[in-house]
>>> print(open('upload_18.cif').read())   # mmCIF, C-alpha atoms (C1' of nucleotides)
data_coords
loop_
_atom_site.label_atom_id
_atom_site.label_comp_id
_atom_site.auth_asym_id
_atom_site.auth_seq_id
_atom_site.Cartn_x
_atom_site.Cartn_y
_atom_site.Cartn_z
CA MET A 1 0.00 0.00 0.00
CA GLU A 2 1.32 3.41 -0.87
CA LYS A 3 2.09 5.98 1.73
CA ASP A 4 0.67 9.28 0.57
CA LEU A 5 0.47 12.50 2.49
CA TYR A 6 -2.99 11.80 3.85
CA GLY A 7 -1.73 8.54 5.29
CA VAL A 8 -0.31 10.03 8.44
CA CYS A 9 -3.71 10.18 10.07
CA PRO A 10 -4.90 7.02 11.81
CA PHE A 11 -8.50 7.66 10.84
CA VAL A 12 -7.76 8.08 7.17
CA THR A 13 -5.73 4.92 7.30
CA ALA A 14 -8.46 3.02 9.05
CA GLN A 15 -11.04 4.28 6.64
CA LYS A 16 -9.00 3.06 3.71
CA ILE A 17 -8.76 -0.40 5.13
CA LEU A 18 -12.45 -0.57 5.88
CA THR A 19 -13.63 0.54 2.46
CA GLY A 20 -14.44 -2.95 1.33
CA LYS A 21 -18.13 -3.60 1.74
CA TRP A 22 -17.49 -6.91 3.47
CA THR A 23 -14.22 -6.30 5.25
CA LEU A 24 -15.70 -6.03 8.73
CA LEU A 25 -17.73 -9.16 8.33
CA ILE A 26 -14.77 -11.17 7.11
CA MET A 27 -12.61 -9.82 9.93
CA HIS A 28 -15.27 -10.86 12.38
CA HIS A 29 -15.40 -14.43 11.12
CA LEU A 30 -11.66 -14.84 10.88
CA ASN A 31 -11.32 -13.41 14.34
CA LEU A 32 -13.29 -16.37 15.62
CA LYS A 33 -11.30 -18.96 13.75
CA THR A 34 -9.18 -19.76 10.74
CA MET A 35 -11.38 -20.65 7.82
CA ARG A 36 -11.15 -22.26 4.44
CA PHE A 37 -12.36 -20.47 1.36
CA SER A 38 -15.48 -22.56 1.09
CA GLU A 39 -16.27 -22.05 4.77
CA LEU A 40 -16.19 -18.32 4.27
CA GLN A 41 -18.45 -18.68 1.29
CA ARG A 42 -21.00 -20.55 3.35
CA ALA A 43 -20.73 -18.04 6.15
CA LEU A 44 -21.26 -15.14 3.75
CA PRO A 45 -23.89 -16.27 1.27
CA HIS A 46 -24.43 -12.77 -0.07
CA LEU A 47 -21.03 -12.49 -1.71
CA THR A 48 -20.26 -14.05 -5.02
CA GLN A 49 -17.17 -16.17 -5.31
CA SER A 50 -15.33 -13.59 -7.32
CA THR A 51 -16.14 -10.80 -4.92
CA LEU A 52 -14.99 -12.83 -1.95
CA THR A 53 -11.74 -13.59 -3.71
CA LYS A 54 -11.16 -9.93 -4.43
CA GLN A 55 -11.90 -8.89 -0.88
CA LEU A 56 -9.53 -11.49 0.51
CA ARG A 57 -6.80 -10.48 -1.90
CA MET A 58 -7.20 -6.88 -0.84
CA MET A 59 -7.07 -7.76 2.83
CA GLU A 60 -4.04 -9.93 2.22
CA GLY A 61 -2.40 -7.03 0.41
CA ASN A 62 -3.19 -4.76 3.32
CA GLY A 63 -1.51 -7.15 5.71
CA LEU A 64 -4.64 -8.05 7.63
CA VAL A 65 -5.00 -11.61 6.46
CA ILE A 66 -2.65 -14.51 5.91
CA ARG A 67 -3.31 -16.96 3.13
CA THR A 68 -1.99 -20.46 3.49
CA VAL A 69 -2.05 -22.80 0.53
CA TYR A 70 -1.80 -26.56 0.96
CA SER A 71 -0.49 -28.13 -2.24
CA GLN A 72 -2.79 -31.04 -2.60
CA ILE A 73 -5.66 -32.33 -4.67
CA PRO A 74 -8.28 -31.10 -4.10
CA PRO A 75 -6.75 -27.75 -3.16
CA LYS A 76 -7.05 -26.41 0.33
CA VAL A 77 -6.55 -22.79 1.25
CA GLU A 78 -6.88 -21.37 4.71
CA TYR A 79 -7.34 -17.78 5.73
CA SER A 80 -6.36 -16.44 9.11
CA LEU A 81 -5.70 -13.07 10.68
CA SER A 82 -2.22 -11.64 10.87
CA ASP A 83 -0.95 -10.11 14.12
CA LEU A 84 -2.17 -6.79 12.81
CA GLY A 85 -5.50 -8.39 12.12
CA TYR A 86 -5.81 -9.70 15.66
CA GLU A 87 -5.01 -6.29 17.04
CA PHE A 88 -8.15 -5.15 15.31
CA LYS A 89 -10.22 -7.12 17.78
CA PRO A 90 -11.01 -4.21 20.14
CA VAL A 91 -12.41 -2.31 17.19
CA LEU A 92 -14.66 -5.23 16.32
CA SER A 93 -15.93 -5.39 19.88
CA THR A 94 -16.79 -1.73 20.18
CA LEU A 95 -18.22 -1.75 16.69
CA GLU A 96 -20.44 -4.71 17.49
CA THR A 97 -21.75 -2.97 20.58
CA TRP A 98 -22.44 0.19 18.67
CA GLY A 99 -23.98 -1.67 15.74
CA ASN A 100 -26.46 -3.27 18.09
CA LYS A 101 -27.37 0.08 19.59
CA TYR A 102 -27.92 1.36 16.11
CA LEU A 103 -30.20 -1.56 15.32
CA ASP A 104 -32.23 -0.79 18.43
CA PHE A 105 -32.47 2.78 17.29
CA LEU A 106 -33.76 1.68 13.90
CA LYS A 107 -36.43 -0.48 15.49
CA LYS A 108 -37.81 2.43 17.43
CA ASN A 109 -38.01 4.65 14.37
CA MET B 110 -32.44 4.02 6.01
CA GLU B 111 -34.15 0.87 4.90
CA LYS B 112 -34.24 -2.22 7.03
CA ASP B 113 -33.45 -5.14 4.80
CA LEU B 114 -32.72 -8.69 5.79
CA TYR B 115 -28.99 -8.16 5.98
CA GLY B 116 -29.55 -5.36 8.47
CA VAL B 117 -29.93 -7.59 11.48
CA CYS B 118 -26.19 -7.98 11.82
CA PRO B 119 -24.38 -5.26 13.74
CA PHE B 120 -21.33 -5.52 11.50
CA VAL B 121 -23.25 -5.13 8.30
CA THR B 122 -25.00 -2.16 9.81
CA ALA B 123 -21.77 -0.61 10.95
CA GLN B 124 -20.17 -1.19 7.59
CA LYS B 125 -23.00 0.58 5.84
CA ILE B 126 -22.63 3.61 8.03
CA LEU B 127 -18.90 3.76 7.58
CA THR B 128 -18.91 3.49 3.80
CA GLY B 129 -18.43 7.20 3.30
CA LYS B 130 -14.81 7.91 2.57
CA TRP B 131 -14.69 10.71 5.14
CA THR B 132 -17.21 9.57 7.70
CA LEU B 133 -14.68 8.57 10.33
CA LEU B 134 -12.77 11.79 10.02
CA ILE B 135 -15.88 13.90 10.32
CA MET B 136 -17.04 11.88 13.31
CA HIS B 137 -13.68 12.43 14.92
CA HIS B 138 -13.85 16.18 14.53
CA LEU B 139 -17.43 16.50 15.65
CA ASN B 140 -16.67 14.30 18.59
CA LEU B 141 -14.27 16.97 19.79
CA LYS B 142 -16.67 19.83 19.34
CA THR B 143 -19.64 21.20 17.46
CA MET B 144 -18.50 22.83 14.26
CA ARG B 145 -19.75 25.16 11.59
CA PHE B 146 -19.69 24.16 7.96
CA SER B 147 -16.75 26.39 7.17
CA GLU B 148 -14.82 25.09 10.17
CA LEU B 149 -15.21 21.58 8.90
CA GLN B 150 -14.02 22.69 5.51
CA ARG B 151 -10.88 24.14 6.98
CA ALA B 152 -10.31 21.04 9.06
CA LEU B 153 -10.72 18.81 6.02
CA PRO B 154 -8.98 20.57 3.15
CA HIS B 155 -9.06 17.50 0.92
CA LEU B 156 -12.81 17.46 0.49
CA THR B 157 -14.56 19.69 -1.95
CA GLN B 158 -17.47 21.72 -0.71
CA SER B 159 -20.00 19.59 -2.51
CA THR B 160 -18.54 16.35 -1.23
CA LEU B 161 -18.58 17.61 2.33
CA THR B 162 -22.20 18.59 1.96
CA LYS B 163 -23.12 15.17 0.63
CA GLN B 164 -21.29 13.39 3.43
CA LEU B 165 -22.96 15.50 6.07
CA ARG B 166 -26.38 14.95 4.53
CA MET B 167 -25.78 11.25 4.53
CA MET B 168 -24.68 11.26 8.15
CA GLU B 169 -27.65 13.38 9.09
CA GLY B 170 -29.90 10.90 7.30
CA ASN B 171 -28.30 8.07 9.20
CA GLY B 172 -29.00 9.77 12.48
CA LEU B 173 -25.38 10.35 13.41
CA VAL B 174 -25.29 14.09 13.05
CA ILE B 175 -27.56 16.94 13.99
CA ARG B 176 -27.78 19.99 11.77
CA THR B 177 -28.78 23.26 13.34
CA VAL B 178 -29.61 26.20 11.13
CA TYR B 179 -29.55 29.75 12.43
CA SER B 180 -31.79 31.92 10.29
CA GLN B 181 -29.63 34.93 9.78
CA ILE B 182 -27.59 36.71 7.17
CA PRO B 183 -25.00 35.50 6.53
CA PRO B 184 -26.23 31.98 7.19
CA LYS B 185 -24.83 29.95 10.04
CA VAL B 186 -25.13 26.19 10.27
CA GLU B 187 -23.73 24.07 13.03
CA TYR B 188 -23.10 20.35 13.02
CA SER B 189 -22.96 18.24 16.13
CA LEU B 190 -23.19 14.59 17.01
CA SER B 191 -26.47 13.00 18.01
CA ASP B 192 -26.64 10.73 21.04
CA LEU B 193 -26.06 7.84 18.70
CA GLY B 194 -23.08 9.70 17.34
CA TYR B 195 -21.57 10.17 20.78
CA GLU B 196 -22.01 6.52 21.53
CA PHE B 197 -19.67 5.93 18.65
CA LYS B 198 -16.82 7.37 20.66
CA PRO B 199 -15.40 4.03 21.90
CA VAL B 200 -15.14 2.91 18.31
CA LEU B 201 -13.20 6.02 17.43
CA SER B 202 -10.81 5.43 20.30
CA THR B 203 -10.05 1.83 19.44
CA LEU B 204 -9.85 2.71 15.78
CA GLU B 205 -7.38 5.48 16.44
CA THR B 206 -5.19 3.13 18.44
CA TRP B 207 -5.29 0.53 15.75
CA GLY B 208 -4.74 3.05 12.97
CA ASN B 209 -1.56 4.19 14.66
CA LYS B 210 -0.35 0.63 14.99
CA TYR B 211 -1.02 0.20 11.32
CA LEU B 212 0.98 3.30 10.49
CA ASP B 213 3.90 1.94 12.51
CA PHE B 214 3.61 -1.28 10.59
CA LEU B 215 3.77 0.60 7.30
CA LYS B 216 6.87 2.48 8.37
CA LYS B 217 8.72 -0.74 9.07
CA ASN B 218 7.82 -2.22 5.70
"C1'" DC C 219 -21.71 31.62 4.35
"C1'" DT C 220 -23.88 27.51 3.05
"C1'" DG C 221 -25.18 25.03 -0.03
"C1'" DG C 222 -27.93 23.13 -4.64
"C1'" DA C 223 -27.56 21.26 -9.54
"C1'" DT C 224 -24.91 19.03 -13.10
"C1'" DC C 225 -21.85 16.34 -15.36
"C1'" DC C 226 -18.07 13.11 -15.35
"C1'" DC C 227 -15.04 9.61 -13.86
"C1'" DT C 228 -13.13 6.11 -11.11
"C1'" DT C 229 -13.80 2.35 -8.35
"C1'" DA C 230 -16.36 -1.26 -6.26
"C1'" DT C 231 -19.29 -4.84 -6.84
"C1'" DG C 232 -21.80 -8.37 -9.33
"C1'" DA C 233 -23.05 -12.05 -13.05
"C1'" DT C 234 -21.48 -15.55 -15.65
"C1'" DA C 235 -18.63 -18.88 -17.56
"C1'" DC C 236 -14.42 -21.52 -17.48
"C1'" DT C 237 -10.16 -24.23 -15.24
"C1'" DG C 238 -6.04 -26.88 -12.82
"C1'" DC D 239 -11.87 -26.88 -4.03
"C1'" DA D 240 -10.42 -22.60 -5.07
"C1'" DG D 241 -9.97 -19.91 -7.91
"C1'" DT D 242 -9.42 -16.73 -12.97
"C1'" DA D 243 -11.24 -13.98 -16.85
"C1'" DT D 244 -14.41 -11.07 -18.84
"C1'" DC D 245 -18.01 -8.10 -19.09
"C1'" DA D 246 -21.51 -5.11 -17.21
"C1'" DT D 247 -23.46 -2.02 -13.87
"C1'" DA D 248 -23.83 0.79 -9.95
"C1'" DA D 249 -22.38 3.90 -6.59
"C1'" DG D 250 -19.26 7.20 -4.61
"C1'" DG D 251 -16.69 10.97 -5.10
"C1'" DG D 252 -15.11 15.19 -7.31
"C1'" DA D 253 -15.13 19.59 -10.41
"C1'" DT D 254 -17.47 23.39 -11.67
"C1'" DC D 255 -20.85 26.76 -11.75
"C1'" DC D 256 -24.83 29.02 -9.79
"C1'" DA D 257 -27.76 31.12 -5.82
"C1'" DG D 258 -30.39 32.78 -1.48
#
>>> encode(input="upload_18.cif", output="structure tokens")
Amino acid sequence: MEKDLYGVCPFVTAQKILTGKWTLLIMHHLNLKTMRFSELQRALPHLTQSTLTKQLRMMEGNGLVIRTVYSQIPPKVEYSLSDLGYEFKPVLSTLETWGNKYLDFLKKN
Amino acid sequence: MEKDLYGVCPFVTAQKILTGKWTLLIMHHLNLKTMRFSELQRALPHLTQSTLTKQLRMMEGNGLVIRTVYSQIPPKVEYSLSDLGYEFKPVLSTLETWGNKYLDFLKKN
DNA sequence: CTGGATCCCTTATGATACTG
DNA sequence: CAGTATCATAAGGGATCCAG
């Protein structure tokens, strides 16, 4: 990832990482456990295969996710969080709490 | 905001809210204090006027921001966080921490 | 000062079909 | 099983100009 002038602000940086429409959801699942590609697909039925692949590639490129390939037939690929990815956990927690408050808010309105 | 089937998950909800490229940054500033439109512009020199307006309208629509108009010449409009917006504060804190870790990571690589 | 109205462009996302 | 390739579309963001 390039380091431009805007990139010195933690919020701008965070925002960049979170742009992907499914990033948070994938982070959440991988935070619970390492998963295979097909497991992620089942857990996220609203993504197409190609979209999921792109998201994972992006997250891998950003250093959030580690991709482990087992050379065998049939192929097996596992996705897990990097150290940086695990450090994201507090954000997931607070975000989950807030997301639920927001859902309550929506119900009342 | 519509309530579709996906909207029962706090992460999906949160992701929707955070899609805006500048949402986090605006939240951060408004979390510190109520600001006028022109103050926000100065604080965020990389947004055009029209983009800032759109972002704020979106955040207002999402219930994060409150827009107060003072009927006077010249016009004065203040933006502040709603209760829901203030409850977002823990997310901002954890995100800031993580963003800084990420920046450190980038420096080393 | 605070925005509205347009037009344009890039990027993100999705559908579909094919492959080692 | 885990992708790739291609094509199509949609949405977000930005530039510019106008206005109460």
>>> atom_distance(input="upload_18.cif", atom1="atom CA of Gln49 of chain A", atom2="atom C1' of DG241 of chain D")
8.5 Å
>>> calpha_fit_and_write(input="upload_18.cif", fixed="chain B", moving="chain A", output="CSV table (one decimal) with C-alpha atoms, in the coordinates of the input")
chain,number,residue,atom,x,y,z
A,1,MET,CA,-32.6,4.1,6.1
A,2,GLU,CA,-34.3,0.9,5.0
A,3,LYS,CA,-34.2,-2.2,7.0
A,4,ASP,CA,-33.4,-5.1,4.8
A,5,LEU,CA,-32.7,-8.7,5.7
A,6,TYR,CA,-29.0,-8.2,6.0
A,7,GLY,CA,-29.5,-5.4,8.5
A,8,VAL,CA,-29.9,-7.6,11.5
A,9,CYS,CA,-26.2,-8.0,11.8
A,10,PRO,CA,-24.3,-5.3,13.7
A,11,PHE,CA,-21.3,-5.5,11.5
A,12,VAL,CA,-23.2,-5.1,8.3
A,13,THR,CA,-25.0,-2.2,9.8
A,14,ALA,CA,-21.7,-0.6,10.9
A,15,GLN,CA,-20.2,-1.2,7.6
A,16,LYS,CA,-23.0,0.6,5.9
A,17,ILE,CA,-22.6,3.6,8.0
A,18,LEU,CA,-18.9,3.8,7.5
A,19,THR,CA,-18.9,3.5,3.8
A,20,GLY,CA,-18.4,7.2,3.2
A,21,LYS,CA,-14.8,7.9,2.6
A,22,TRP,CA,-14.7,10.7,5.1
A,23,THR,CA,-17.2,9.6,7.7
A,24,LEU,CA,-14.7,8.6,10.3
A,25,LEU,CA,-12.8,11.8,10.0
A,26,ILE,CA,-15.9,13.9,10.3
A,27,MET,CA,-17.0,11.9,13.3
A,28,HIS,CA,-13.7,12.4,14.9
A,29,HIS,CA,-13.8,16.2,14.5
A,30,LEU,CA,-17.4,16.5,15.6
A,31,ASN,CA,-16.7,14.3,18.6
A,32,LEU,CA,-14.3,17.0,19.8
A,33,LYS,CA,-16.7,19.8,19.3
A,34,THR,CA,-19.6,21.2,17.4
A,35,MET,CA,-18.5,22.8,14.2
A,36,ARG,CA,-19.8,25.2,11.6
A,37,PHE,CA,-19.7,24.2,7.9
A,38,SER,CA,-16.8,26.4,7.1
A,39,GLU,CA,-14.8,25.1,10.1
A,40,LEU,CA,-15.2,21.6,8.9
A,41,GLN,CA,-14.0,22.7,5.5
A,42,ARG,CA,-10.9,24.1,6.9
A,43,ALA,CA,-10.3,21.0,9.0
A,44,LEU,CA,-10.7,18.8,6.0
A,45,PRO,CA,-9.0,20.6,3.1
A,46,HIS,CA,-9.1,17.5,0.9
A,47,LEU,CA,-12.8,17.4,0.5
A,48,THR,CA,-14.6,19.7,-2.0
A,49,GLN,CA,-17.5,21.7,-0.7
A,50,SER,CA,-20.0,19.6,-2.6
A,51,THR,CA,-18.6,16.3,-1.3
A,52,LEU,CA,-18.6,17.6,2.3
A,53,THR,CA,-22.2,18.6,1.9
A,54,LYS,CA,-23.1,15.2,0.6
A,55,GLN,CA,-21.3,13.4,3.4
A,56,LEU,CA,-23.0,15.5,6.1
A,57,ARG,CA,-26.4,15.0,4.5
A,58,MET,CA,-25.8,11.2,4.5
A,59,MET,CA,-24.7,11.2,8.1
A,60,GLU,CA,-27.7,13.4,9.1
A,61,GLY,CA,-29.9,10.9,7.3
A,62,ASN,CA,-28.3,8.1,9.2
A,63,GLY,CA,-29.0,9.8,12.5
A,64,LEU,CA,-25.4,10.3,13.4
A,65,VAL,CA,-25.3,14.1,13.0
A,66,ILE,CA,-27.6,16.9,14.0
A,67,ARG,CA,-27.8,20.0,11.8
A,68,THR,CA,-28.8,23.3,13.3
A,69,VAL,CA,-29.6,26.2,11.1
A,70,TYR,CA,-29.6,29.8,12.4
A,71,SER,CA,-31.8,32.0,10.3
A,72,GLN,CA,-29.6,35.0,9.9
A,73,ILE,CA,-27.6,36.8,7.3
A,74,PRO,CA,-24.9,35.6,6.7
A,75,PRO,CA,-26.2,32.0,7.3
A,76,LYS,CA,-24.8,30.0,10.1
A,77,VAL,CA,-25.1,26.2,10.3
A,78,GLU,CA,-23.7,24.1,13.0
A,79,TYR,CA,-23.1,20.4,13.0
A,80,SER,CA,-23.0,18.2,16.1
A,81,LEU,CA,-23.2,14.6,17.0
A,82,SER,CA,-26.5,13.0,18.0
A,83,ASP,CA,-26.7,10.7,21.0
A,84,LEU,CA,-26.1,7.8,18.7
A,85,GLY,CA,-23.1,9.7,17.3
A,86,TYR,CA,-21.6,10.2,20.8
A,87,GLU,CA,-22.0,6.5,21.5
A,88,PHE,CA,-19.7,5.9,18.6
A,89,LYS,CA,-16.8,7.4,20.7
A,90,PRO,CA,-15.4,4.0,21.9
A,91,VAL,CA,-15.1,2.9,18.3
A,92,LEU,CA,-13.2,6.0,17.4
A,93,SER,CA,-10.8,5.4,20.3
A,94,THR,CA,-10.0,1.8,19.5
A,95,LEU,CA,-9.8,2.7,15.8
A,96,GLU,CA,-7.4,5.5,16.5
A,97,THR,CA,-5.2,3.1,18.5
A,98,TRP,CA,-5.3,0.5,15.8
A,99,GLY,CA,-4.7,3.1,13.0
A,100,ASN,CA,-1.5,4.2,14.7
A,101,LYS,CA,-0.3,0.6,15.0
A,102,TYR,CA,-1.0,0.2,11.4
A,103,LEU,CA,1.0,3.3,10.6
A,104,ASP,CA,3.9,1.9,12.6
A,105,PHE,CA,3.6,-1.3,10.6
A,106,LEU,CA,3.8,0.6,7.3
A,107,LYS,CA,6.9,2.5,8.4
A,108,LYS,CA,8.7,-0.8,9.1
A,109,ASN,CA,7.8,-2.2,5.7
>>> residues_around(input="upload_18.cif", residues="Ala152 of chain B", least_positions_apart="6", cutoff="10 Å", atoms="all atoms listed in the file", output="MDAnalysis selection string")
chainID B and resid 134:135 138 144 146
>>> atom_distance(input="upload_18.cif", atom1="atom CA of Thr160 of chain B", atom2="atom CA of Leu215 of chain B")
28.6 Å
>>> resolve_selection(input="upload_18.cif", expression="the PyMOL selection byres ((chain C) within 10 of (chain A))", output="NGL selection string")
:C and (230-233 or 238)
>>> atom_distance(input="upload_18.cif", atom1="atom CA of Val69 of chain A", atom2="atom CA of Ser93 of chain A")
29.5 Å
>>> residues_around(input="upload_18.cif", residues="Leu24 of chain A", least_positions_apart="4", cutoff="8 Å", atoms="all atoms listed in the file", output="VMD selection string")
(chain A and resid 18 28 92) or (chain B and resid 120 to 121 124)
>>> interface_residues(input="upload_18.cif", of="chain A", to="chain B", cutoff="8 Å", atoms="all atoms listed in the file", output="PDB file with C-alpha atoms, in the frame of the given file")
ATOM      1  CA  LYS A   3       2.090   5.980   1.730  1.00  0.00           C
ATOM      2  CA  GLY A   7      -1.730   8.540   5.290  1.00  0.00           C
ATOM      3  CA  VAL A   8      -0.310  10.030   8.440  1.00  0.00           C
ATOM      4  CA  CYS A   9      -3.710  10.180  10.070  1.00  0.00           C
ATOM      5  CA  PRO A  10      -4.900   7.020  11.810  1.00  0.00           C
ATOM      6  CA  PHE A  11      -8.500   7.660  10.840  1.00  0.00           C
ATOM      7  CA  VAL A  12      -7.760   8.080   7.170  1.00  0.00           C
ATOM      8  CA  THR A  13      -5.730   4.920   7.300  1.00  0.00           C
ATOM      9  CA  ALA A  14      -8.460   3.020   9.050  1.00  0.00           C
ATOM     10  CA  GLN A  15     -11.040   4.280   6.640  1.00  0.00           C
ATOM     11  CA  LYS A  16      -9.000   3.060   3.710  1.00  0.00           C
ATOM     12  CA  LEU A  18     -12.450  -0.570   5.880  1.00  0.00           C
ATOM     13  CA  THR A  19     -13.630   0.540   2.460  1.00  0.00           C
ATOM     14  CA  LYS A  21     -18.130  -3.600   1.740  1.00  0.00           C
ATOM     15  CA  TRP A  22     -17.490  -6.910   3.470  1.00  0.00           C
ATOM     16  CA  LEU A  24     -15.700  -6.030   8.730  1.00  0.00           C
ATOM     17  CA  LEU A  25     -17.730  -9.160   8.330  1.00  0.00           C
ATOM     18  CA  LEU A  84      -2.170  -6.790  12.810  1.00  0.00           C
ATOM     19  CA  GLU A  87      -5.010  -6.290  17.040  1.00  0.00           C
ATOM     20  CA  PHE A  88      -8.150  -5.150  15.310  1.00  0.00           C
ATOM     21  CA  PRO A  90     -11.010  -4.210  20.140  1.00  0.00           C
ATOM     22  CA  VAL A  91     -12.410  -2.310  17.190  1.00  0.00           C
ATOM     23  CA  THR A  94     -16.790  -1.730  20.180  1.00  0.00           C
ATOM     24  CA  LEU A  95     -18.220  -1.750  16.690  1.00  0.00           C
ATOM     25  CA  GLU A  96     -20.440  -4.710  17.490  1.00  0.00           C
ATOM     26  CA  THR A  97     -21.750  -2.970  20.580  1.00  0.00           C
ATOM     27  CA  TRP A  98     -22.440   0.190  18.670  1.00  0.00           C
ATOM     28  CA  GLY A  99     -23.980  -1.670  15.740  1.00  0.00           C
ATOM     29  CA  ASN A 100     -26.460  -3.270  18.090  1.00  0.00           C
ATOM     30  CA  LYS A 101     -27.370   0.080  19.590  1.00  0.00           C
ATOM     31  CA  TYR A 102     -27.920   1.360  16.110  1.00  0.00           C
ATOM     32  CA  LEU A 103     -30.200  -1.560  15.320  1.00  0.00           C
ATOM     33  CA  LEU A 106     -33.760   1.680  13.900  1.00  0.00           C
TER      34      LEU A 106
END
>>> axis_aligned_box(input="upload_18.cif", around="segment 221-233 of chain C", padding_each_side="6 Å", output="AutoDock Vina command-line options")
--center_x -20.5 --center_y 6.5 --center_z -7.7 --size_x 26.8 --size_y 49.1 --size_z 27.3
>>> build_atoms(input="upload_18.cif", residues="segment 188-194 of chain B", atoms="all heavy atoms", output="short mmCIF file (atom, residue, chain, number, x, y, z; two decimals), keeping the file's coordinate frame")
data_model
loop_
_atom_site.label_atom_id
_atom_site.label_comp_id
_atom_site.auth_asym_id
_atom_site.auth_seq_id
_atom_site.Cartn_x
_atom_site.Cartn_y
_atom_site.Cartn_z
N TYR B 188 -22.96 21.81 13.02
CA TYR B 188 -23.10 20.35 13.02
C TYR B 188 -22.60 19.79 14.33
O TYR B 188 -21.52 20.16 14.80
CB TYR B 188 -22.31 19.76 11.86
CG TYR B 188 -22.88 20.11 10.52
CD1 TYR B 188 -22.46 21.25 9.84
CD2 TYR B 188 -23.87 19.33 9.94
CE1 TYR B 188 -23.00 21.59 8.61
CE2 TYR B 188 -24.42 19.66 8.72
CZ TYR B 188 -23.98 20.79 8.06
OH TYR B 188 -24.52 21.13 6.85
N SER B 189 -23.38 18.90 14.90
CA SER B 189 -22.96 18.24 16.13
C SER B 189 -23.37 16.78 16.08
O SER B 189 -24.18 16.38 15.24
CB SER B 189 -23.60 18.93 17.34
OG SER B 189 -25.01 18.92 17.19
N LEU B 190 -22.83 15.99 16.98
CA LEU B 190 -23.19 14.59 17.01
C LEU B 190 -24.51 14.37 17.76
O LEU B 190 -24.80 15.06 18.73
CB LEU B 190 -22.09 13.77 17.70
CG LEU B 190 -20.75 13.70 16.96
CD1 LEU B 190 -19.83 12.71 17.69
CD2 LEU B 190 -20.92 13.28 15.52
N SER B 191 -25.28 13.43 17.28
CA SER B 191 -26.47 13.00 18.01
C SER B 191 -26.03 12.10 19.16
O SER B 191 -24.86 11.79 19.31
CB SER B 191 -27.37 12.20 17.07
OG SER B 191 -26.70 11.01 16.70
N ASP B 192 -26.98 11.67 19.97
CA ASP B 192 -26.64 10.73 21.04
C ASP B 192 -25.99 9.48 20.46
O ASP B 192 -24.99 8.98 20.96
CB ASP B 192 -27.91 10.34 21.80
CG ASP B 192 -28.45 11.49 22.63
OD1 ASP B 192 -27.70 12.49 22.79
OD2 ASP B 192 -29.59 11.41 23.09
N LEU B 193 -26.59 9.01 19.39
CA LEU B 193 -26.06 7.84 18.70
C LEU B 193 -24.64 8.11 18.22
O LEU B 193 -23.78 7.23 18.26
CB LEU B 193 -26.96 7.54 17.50
CG LEU B 193 -27.09 6.11 17.03
CD1 LEU B 193 -27.46 5.19 18.17
CD2 LEU B 193 -28.13 6.04 15.92
N GLY B 194 -24.41 9.32 17.78
CA GLY B 194 -23.08 9.70 17.34
C GLY B 194 -22.07 9.68 18.47
O GLY B 194 -20.95 9.20 18.31
#
